[in-house]
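Engineer: Contents are mmCIF, C-alpha atoms; file name input.cif:
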```
data_coords
loop_
_atom_site.label_atom_id
_atom_site.label_comp_id
_atom_site.auth_asym_id
_atom_site.auth_seq_id
_atom_site.Cartn_x
_atom_site.Cartn_y
_atom_site.Cartn_z
CA MET A 21 87.49 121.28 106.10
CA ASN A 22 84.02 119.75 105.59
CA SER A 23 82.52 123.03 104.35
CA GLU A 24 85.42 123.55 101.94
CA PHE A 25 85.04 119.96 100.76
CA GLU A 26 81.30 120.40 100.15
CA ALA A 27 81.87 123.65 98.21
CA ARG A 28 84.56 121.93 96.14
CA LYS A 29 82.28 118.93 95.59
CA LEU A 30 79.43 121.20 94.40
CA ALA A 31 81.73 123.02 91.97
CA PHE A 32 82.96 119.72 90.56
CA SER A 33 79.36 118.53 90.21
CA ARG A 34 78.34 121.64 88.22
CA ARG A 35 81.44 121.41 86.07
CA ASP A 36 80.91 117.71 85.40
CA SER A 37 77.25 118.31 84.51
CA ILE A 38 78.21 120.93 81.86
CA TRP A 39 80.94 118.76 80.38
CA GLU A 40 78.61 115.73 80.38
CA GLU A 41 76.17 117.73 78.24
CA TYR A 42 79.01 118.60 75.85
CA GLY A 43 80.01 114.93 75.72
CA ARG A 44 76.43 113.94 74.92
CA ILE A 45 76.30 116.40 71.99
CA ARG A 46 79.75 115.34 70.77
CA ASP A 47 79.00 111.62 70.89
CA ARG A 48 75.59 112.03 69.22
CA ASN A 49 76.98 114.25 66.44
CA ASN A 50 79.99 112.00 65.88
CA VAL A 51 77.68 109.04 65.20
CA ILE A 52 75.68 111.11 62.71
CA ILE A 53 78.84 112.56 61.15
CA GLU A 54 80.31 109.08 60.55
CA SER A 55 77.08 107.97 58.87
CA LEU A 56 76.93 111.12 56.70
CA LYS A 57 80.57 110.70 55.70
CA ARG A 58 79.82 107.22 54.41
CA GLU A 59 76.84 108.56 52.45
CA ALA A 60 78.97 111.44 51.12
CA ASP A 61 81.63 108.97 49.97
CA VAL A 62 78.96 106.97 48.12
CA GLU A 63 77.69 110.14 46.42
CA HIS A 64 81.26 111.15 45.55
CA PHE A 65 82.08 107.79 43.94
CA ALA A 66 78.74 107.80 42.09
CA MET A 67 79.49 111.32 40.83
CA GLN A 68 82.89 110.26 39.53
CA ASP A 69 81.37 107.21 37.80
CA CYS A 70 78.67 109.31 36.10
CA PHE A 71 81.11 111.93 34.88
CA GLU A 72 83.38 109.21 33.52
CA ARG A 73 80.44 107.60 31.69
CA ALA A 74 79.37 110.97 30.31
CA SER A 75 82.93 111.62 29.06
CA ASN A 76 83.06 108.23 27.35
CA ALA A 77 79.64 108.67 25.75
CA TYR A 78 80.62 112.11 24.46
CA GLN A 79 83.80 110.70 22.94
CA TYR A 80 81.78 108.05 21.10
CA GLY A 81 79.39 110.71 19.86
CA ASP A 82 76.41 109.66 21.93
CA LYS A 83 75.49 113.10 23.12
CA SER A 84 72.12 112.18 24.58
CA GLU A 85 73.66 109.50 26.81
CA ALA A 86 76.50 111.85 27.70
CA SER A 87 73.99 114.48 28.76
CA PHE A 88 72.10 111.94 30.90
CA TYR A 89 75.21 110.81 32.77
CA SER A 90 76.35 114.40 33.13
CA GLN A 91 73.08 115.34 34.84
CA GLU A 92 73.32 112.27 37.09
CA GLY A 93 76.89 113.26 37.99
CA HIS A 94 75.80 116.77 38.97
CA ALA A 95 72.96 115.35 41.08
CA HIS A 96 75.40 113.10 42.98
CA ARG A 97 77.78 116.03 43.41
CA ASN A 98 75.00 118.15 44.89
CA GLY A 99 74.06 115.31 47.18
CA ARG A 100 77.67 114.97 48.31
CA ASN A 101 77.97 118.70 48.89
CA ASP A 102 74.73 118.76 50.90
CA LEU A 103 76.00 115.91 53.05
CA ASN A 104 79.34 117.65 53.57
CA ALA A 105 77.50 120.86 54.53
CA GLU A 106 75.45 118.89 57.09
CA ILE A 107 78.63 117.32 58.40
CA SER A 108 80.26 120.76 58.74
CA ALA A 109 77.19 122.03 60.63
CA LEU A 110 77.38 119.11 63.06
CA ILE A 111 81.11 119.70 63.56
CA ARG A 112 80.47 123.40 64.25
CA GLU A 113 77.77 122.38 66.77
CA VAL A 114 80.27 120.18 68.60
CA LYS A 115 82.88 122.95 68.63
CA GLN A 116 80.31 125.45 69.87
CA ALA A 117 79.20 123.06 72.63
CA LYS A 118 82.82 122.71 73.71
CA ALA A 119 83.30 126.48 73.69
CA ASN A 120 80.12 126.92 75.76
CA ALA A 121 81.32 124.30 78.25
CA GLU A 122 84.69 125.97 78.60
CA ALA A 123 83.01 129.33 79.13
CA SER A 124 80.28 128.26 81.54
CA ALA A 125 81.91 125.44 83.50
CA PRO A 126 83.08 126.79 86.88
CA LYS A 127 86.77 126.89 87.51
CA VAL A 128 87.35 124.81 90.61
CA ASP A 129 89.70 126.55 93.05
CA SER A 130 91.07 123.90 95.40
CA SER A 131 93.32 126.26 97.35
CA ALA A 132 90.82 126.71 100.21
CA PHE A 133 90.26 122.97 100.39
CA ASP A 134 93.99 122.32 100.24
CA ARG A 135 94.58 124.76 103.11
CA ALA A 136 91.80 123.14 105.13
CA LYS A 137 93.21 119.70 104.32
CA SER A 138 96.67 120.81 105.41
CA ALA A 139 95.26 122.12 108.71
CA PHE A 140 93.39 118.84 109.14
CA GLU A 141 96.58 116.85 108.56
CA VAL A 142 98.39 118.95 111.19
CA ALA A 143 95.54 118.41 113.67
CA LYS A 144 95.50 114.70 112.84
CA CYS A 145 99.24 114.48 113.43
CA ARG A 146 98.85 116.23 116.80
CA HIS A 147 95.99 113.91 117.71
CA GLU A 148 98.03 110.83 116.83
CA SER A 149 100.98 112.19 118.81
CA ALA A 150 98.74 112.88 121.83
CA GLN A 151 97.20 109.43 121.45
CA ALA A 152 100.64 107.81 121.37
CA LYS A 153 101.65 109.81 124.47
CA PHE A 154 98.44 108.74 126.20
CA LYS A 155 99.21 105.09 125.41
CA ARG A 156 102.75 105.50 126.78
CA LEU A 157 101.43 107.11 129.98
CA LYS A 158 98.78 104.42 130.30
CA ALA A 159 101.46 101.74 129.93
CA MET A 160 103.54 103.53 132.59
CA ARG A 161 100.48 103.72 134.86
CA ASP A 162 99.74 100.04 134.33
CA SER A 163 103.37 99.20 135.06
CA ALA A 164 103.31 101.38 138.20
CA LYS A 165 100.05 99.76 139.31
CA ALA A 166 101.51 96.31 138.77
CA GLU A 167 104.58 97.33 140.78
CA PHE A 168 102.33 98.81 143.49
CA ASP A 169 100.29 95.61 143.63
CA SER A 170 103.49 93.59 143.92
CA LEU A 171 104.78 95.86 146.71
CA HIS A 172 101.39 95.68 148.41
CA VAL A 173 101.63 91.88 148.42
CA GLN A 174 105.18 92.14 149.81
CA PHE A 175 103.90 94.61 152.44
CA LYS A 176 101.17 92.19 153.47
CA GLN A 177 103.73 89.40 153.68
CA ALA A 178 106.07 91.62 155.71
CA GLN A 179 103.17 92.68 157.93
CA THR A 180 102.27 89.05 158.57
CA ALA A 181 105.93 88.21 159.27
CA PHE A 182 106.16 91.25 161.62
CA ARG A 183 103.08 90.16 163.54
CA GLN A 184 104.47 86.65 163.81
CA LYS A 185 107.80 88.04 164.99
CA LEU A 186 106.01 90.35 167.43
CA GLU A 187 104.17 87.38 168.88
CA GLU A 188 107.48 85.54 169.16
CA VAL A 189 109.08 88.54 170.92
CA ARG A 190 106.12 88.85 173.27
CA SER A 191 106.28 85.13 173.98
CA GLU A 192 110.04 85.34 174.56
CA ARG A 193 109.51 88.41 176.80
CA ALA A 194 106.88 86.56 178.80
CA ILE A 195 109.22 83.60 179.18
CA LYS A 196 112.04 85.96 180.17
CA GLN A 197 109.82 87.70 182.69
CA GLN A 198 108.88 84.35 184.14
CA GLN A 199 112.55 83.43 184.29
CA VAL A 200 113.32 86.70 186.11
CA VAL A 201 110.53 86.04 188.59
CA GLU A 202 111.88 82.55 189.12
CA LYS A 203 115.38 83.99 189.66
CA VAL A 204 114.08 86.41 192.26
CA ASN A 205 112.14 83.68 193.98
CA MET A 206 115.25 81.55 194.01
CA ALA A 207 117.21 84.47 195.46
CA LEU A 208 114.60 84.87 198.15
CA VAL A 209 114.79 81.19 198.98
CA GLN A 210 118.59 81.22 199.07
CA SER A 211 118.64 84.33 201.28
CA ASN A 212 116.22 82.76 203.84
CA ALA A 213 113.69 85.57 203.43
CA HIS A 214 110.82 85.67 205.89
CA TYR A 215 108.21 85.77 203.09
CA LEU A 216 109.16 82.94 200.78
CA GLY A 217 105.87 83.15 198.90
CA SER A 218 105.90 86.86 198.28
CA LEU A 219 106.29 86.42 194.47
CA PHE A 220 104.43 83.20 194.08
CA GLY A 221 101.00 83.69 192.54
CA GLN A 222 101.45 87.51 192.48
CA ASN A 223 102.01 89.92 189.61
CA ALA A 224 105.41 91.53 189.32
CA LYS A 225 106.34 94.69 187.41
CA ILE A 226 109.59 94.23 185.47
CA VAL A 227 111.33 97.42 184.29
CA PRO A 228 114.51 97.12 182.13
CA HIS A 229 116.91 100.09 182.47
CA SER A 230 119.23 101.56 179.87
CA ASP A 231 122.30 100.54 181.90
CA GLY A 232 121.46 96.86 181.36
CA THR A 233 119.94 96.24 184.79
CA THR A 234 116.44 94.90 185.34
CA HIS A 235 114.27 96.15 188.23
CA ILE A 236 111.46 93.97 189.56
CA PHE A 237 108.70 95.32 191.80
CA PHE A 238 106.44 92.76 193.47
CA GLY A 239 103.89 92.23 196.23
CA GLY A 240 102.34 95.15 198.12
CA LEU A 241 98.85 96.50 197.84
CA ASN A 242 98.89 97.20 194.11
CA ALA A 243 98.09 94.18 191.95
CA ALA A 244 100.65 95.44 189.43
CA GLY A 245 103.43 94.83 191.97
CA ASP A 246 104.57 98.44 192.55
CA GLY A 247 102.07 99.64 195.14
CA ILE A 248 102.54 100.41 198.87
CA GLY A 249 104.63 97.75 200.59
CA HIS A 250 106.11 96.41 197.35
CA GLY A 251 109.32 94.43 197.20
CA HIS A 252 112.21 95.41 194.96
CA ALA A 253 114.89 93.36 193.21
CA VAL A 254 117.68 94.40 190.83
CA ILE A 255 119.44 92.01 188.43
CA ASP A 256 122.49 93.18 186.48
CA CYS A 257 123.25 92.37 182.85
CA ASP A 258 125.17 89.24 183.89
CA GLY A 259 122.22 87.75 185.75
CA ASN A 260 123.47 88.65 189.24
CA VAL A 261 121.02 89.84 191.89
CA THR A 262 122.63 93.05 193.14
CA TYR A 263 119.75 94.30 195.28
CA LEU A 264 116.83 92.54 196.92
CA ARG A 265 114.22 93.78 199.39
CA ASP A 266 111.18 91.67 200.22
CA ALA A 267 107.59 92.92 200.28
CA TRP A 268 106.65 94.87 203.42
CA GLN A 269 110.32 95.02 204.36
CA ASP A 270 111.81 98.31 205.51
CA HIS A 271 114.14 100.04 203.04
CA ASP A 272 117.02 99.77 205.49
CA ASP A 273 116.24 96.10 206.07
CA TYR A 274 117.27 94.57 202.73
CA LEU A 275 118.45 91.09 201.86
CA ILE A 276 121.07 92.04 199.22
CA ASP A 277 122.71 95.41 198.48
CA ASN A 278 126.06 95.16 196.70
CA ALA A 279 126.21 98.89 196.25
CA ARG A 280 126.35 99.41 200.03
CA LYS A 281 128.48 96.30 200.66
CA ARG A 282 126.00 95.08 203.25
CA GLY A 283 123.85 92.00 203.61
CA THR A 284 124.55 88.68 202.00
CA ASN A 285 126.82 88.00 199.05
CA THR A 286 125.76 88.35 195.44
CA HIS A 287 123.85 85.33 194.19
CA ASN A 288 124.66 84.08 190.70
CA ILE A 289 121.43 82.88 189.17
#
```
Written as structure tokens, that's how I'd like the structure from this file.

Structural biologist:
Amino acid sequence: MNSEFEARKLAFSRRDSIWEEYGRIRDRNNVIIESLKREADVEHFAMQDCFERASNAYQYGDKSEASFYSQEGHAHRNGRNDLNAEISALIREVKQAKANAEASAPKVDSSAFDRAKSAFEVAKCRHESAQAKFKRLKAMRDSAKAEFDSLHVQFKQAQTAFRQKLEEVRSERAIKQQQVVEKVNMALVQSNAHYLGSLFGQNAKIVPHSDGTTHIFFGGLNAAGDGIGHGHAVIDCDGNVTYLRDAWQDHDDYLIDNARKRGTNTHNI
């Protein structure tokens, strides 16, 4: 569109230059023509006055005076006619200048520029549409980012709460494990086991089963409580010790075994 605009601008400049020259000639000649018209009017009125004087003098019989005024009248008429001829020449010059301008001034064809302008308007419309779409997508992105940031804060809060809850669960599990150990120790005491201190000061391995029972392994060679010579206790979901064998005790020599209906009675703990 820029090239078409420049070509159109150049054509307008050439056309305006030619018509400016015509305007200069027209304005200059019009000033002269107006002045000559005033002079021609003066000559015309003087001519009329002289002819009237000559006619009056002739009627009164003063032929010499009539002849003088008649000659003066003709001189004024010639002067008027010369002025009118000069005026006509100036008018013809203006008309010729106009004809030359019309003939030589370039005809400006704006169709190429108009087509380029139309294409530019279409491209501009597409650009504005794409820009509006970009702004909408940017607003959506900003909204999504704000939502993500909010969810991230909630995640951090949930993570902190989870860790706190995990610590609580671990603490509760440790307390529960200690309670189980204490229950087993109490069961050992109540059953008059030979090794009353078998759980005291030793680690015990506590294994919950899917059926609700809890198995405790203690003593023995392994520090974890489930090595060679370990003891074994089973507590059901109601807190009853259903099986108990002390450390270094033979498998057939148990303290409690409800499943086999041998040994001492079940201890409620």

Engineer: Can you work out the spacing between CA of Glu72 in chain A and CA of Glu54 in chain A in Å, to one decimal?

Structural biologist: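 Value for the CA of Glu72 in chain A-CA of Glu54 in chain A distance: 27.2 Å.
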
Engineer: Could you name the residues that touch Ala244 in chain A at 10 Å or less, counting all atoms listed in the file, but leaving out those on the same chain fewer than 2 positions away, as an NGL selection string?

Structural biologist: :A and (222-226 or 237-242 or 246-247 or 250)

Engineer: Rounded to one decimal in Å, what is the spacing between CA of Arg34 in chain A and CA of Ala117 in chain A?

Structural biologist: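 Interatomic distance, CA of Arg34 in chain A to CA of Ala117 in chain A: 15.7 Å.
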
Engineer: Name the residues within 6 Å of (108.4, 95.1, 201.7), counting all atoms listed in the file in the file's coordinates, and put them as a list in words.

Structural biologist: Gly249, His250, Gly251, Asp266, Ala267, Trp268 and Gln269 of chain A

Engineer: Determine the nearest neighbour of Ala119 in chain A from the options A:Tyr42, A:Phe168, A:Phe182, A:Ala194, counting all atoms listed in the file.

Structural biologist: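 Going through A:Tyr42, A:Phe168, A:Phe182, A:Ala194 one by one, the smallest distance to Ala119 in chain A is for A:Tyr42.
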
Engineer: To one decimal in Å, tell me the separation between CA of Ala166 in chain A and CA of His147 in chain A.

Structural biologist: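 Computing it gives 28.0 Å between the two atoms.
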
Engineer: With the input short on atoms, add N, CA and C atoms back to range 242-272 of chain A and write it as a short mmCIF file (atom, residue, chain, number, x, y, z; two decimals), in the coordinates of the input.

Structural biologist:
```
data_model
loop_
_atom_site.label_atom_id
_atom_site.label_comp_id
_atom_site.auth_asym_id
_atom_site.auth_seq_id
_atom_site.Cartn_x
_atom_site.Cartn_y
_atom_site.Cartn_z
N ASN A 242 99.25 97.06 195.52
CA ASN A 242 98.89 97.20 194.11
C ASN A 242 99.06 95.87 193.40
N ALA A 243 98.02 95.47 192.65
CA ALA A 243 98.09 94.18 191.95
C ALA A 243 99.19 94.17 190.89
N ALA A 244 99.60 95.36 190.44
CA ALA A 244 100.65 95.44 189.43
C ALA A 244 102.02 95.16 190.02
N GLY A 245 102.16 95.16 191.35
CA GLY A 245 103.43 94.83 191.97
C GLY A 245 104.23 96.02 192.42
N ASP A 246 103.77 97.27 192.17
CA ASP A 246 104.57 98.44 192.55
C ASP A 246 103.80 99.37 193.48
N GLY A 247 102.84 98.81 194.22
CA GLY A 247 102.07 99.64 195.14
C GLY A 247 102.75 99.76 196.51
N ILE A 248 102.01 100.25 197.50
CA ILE A 248 102.54 100.41 198.87
C ILE A 248 102.94 99.04 199.42
N GLY A 249 104.14 98.99 200.00
CA GLY A 249 104.63 97.75 200.59
C GLY A 249 105.25 96.80 199.59
N HIS A 250 105.57 97.31 198.37
CA HIS A 250 106.11 96.41 197.35
C HIS A 250 107.54 96.02 197.69
N GLY A 251 107.95 94.87 197.13
CA GLY A 251 109.32 94.43 197.20
C GLY A 251 110.07 94.93 195.99
N HIS A 252 111.40 94.87 196.05
CA HIS A 252 112.21 95.41 194.96
C HIS A 252 113.43 94.53 194.77
N ALA A 253 113.69 94.14 193.53
CA ALA A 253 114.89 93.36 193.21
C ALA A 253 115.56 93.97 192.00
N VAL A 254 116.91 93.88 191.97
CA VAL A 254 117.68 94.40 190.83
C VAL A 254 118.60 93.29 190.35
N ILE A 255 118.57 93.02 189.05
CA ILE A 255 119.44 92.01 188.43
C ILE A 255 120.29 92.72 187.39
N ASP A 256 121.62 92.52 187.45
CA ASP A 256 122.49 93.18 186.48
C ASP A 256 122.49 92.42 185.16
N CYS A 257 123.26 92.93 184.19
CA CYS A 257 123.25 92.37 182.85
C CYS A 257 123.84 90.96 182.79
N ASP A 258 124.58 90.59 183.86
CA ASP A 258 125.17 89.24 183.89
C ASP A 258 124.30 88.24 184.60
N GLY A 259 123.12 88.67 185.06
CA GLY A 259 122.22 87.75 185.75
C GLY A 259 122.44 87.70 187.25
N ASN A 260 123.23 88.62 187.80
CA ASN A 260 123.47 88.65 189.24
C ASN A 260 122.45 89.53 189.94
N VAL A 261 121.92 89.04 191.07
CA VAL A 261 121.02 89.84 191.89
C VAL A 261 121.87 90.78 192.73
N THR A 262 121.80 92.07 192.44
CA THR A 262 122.63 93.05 193.14
C THR A 262 121.87 93.77 194.25
N TYR A 263 120.55 93.67 194.23
CA TYR A 263 119.75 94.30 195.28
C TYR A 263 118.47 93.50 195.42
N LEU A 264 118.04 93.29 196.69
CA LEU A 264 116.83 92.54 196.92
C LEU A 264 116.21 92.99 198.24
N ARG A 265 114.98 93.42 198.19
CA ARG A 265 114.22 93.78 199.39
C ARG A 265 112.86 93.14 199.26
N ASP A 266 112.44 92.40 200.28
CA ASP A 266 111.18 91.67 200.22
C ASP A 266 110.02 92.62 200.42
N ALA A 267 108.81 92.14 200.08
CA ALA A 267 107.59 92.92 200.28
C ALA A 267 107.39 93.18 201.77
N TRP A 268 106.92 94.41 202.07
CA TRP A 268 106.65 94.87 203.42
C TRP A 268 107.91 94.90 204.28
N GLN A 269 109.03 94.93 203.63
CA GLN A 269 110.32 95.02 204.36
C GLN A 269 110.79 96.45 204.31
N ASP A 270 111.33 96.94 205.43
CA ASP A 270 111.81 98.31 205.51
C ASP A 270 112.97 98.52 204.53
N HIS A 271 113.10 99.76 204.03
CA HIS A 271 114.14 100.04 203.04
C HIS A 271 115.54 99.80 203.61
N ASP A 272 115.70 100.01 204.90
CA ASP A 272 117.02 99.77 205.49
C ASP A 272 117.22 98.30 205.85
#
```
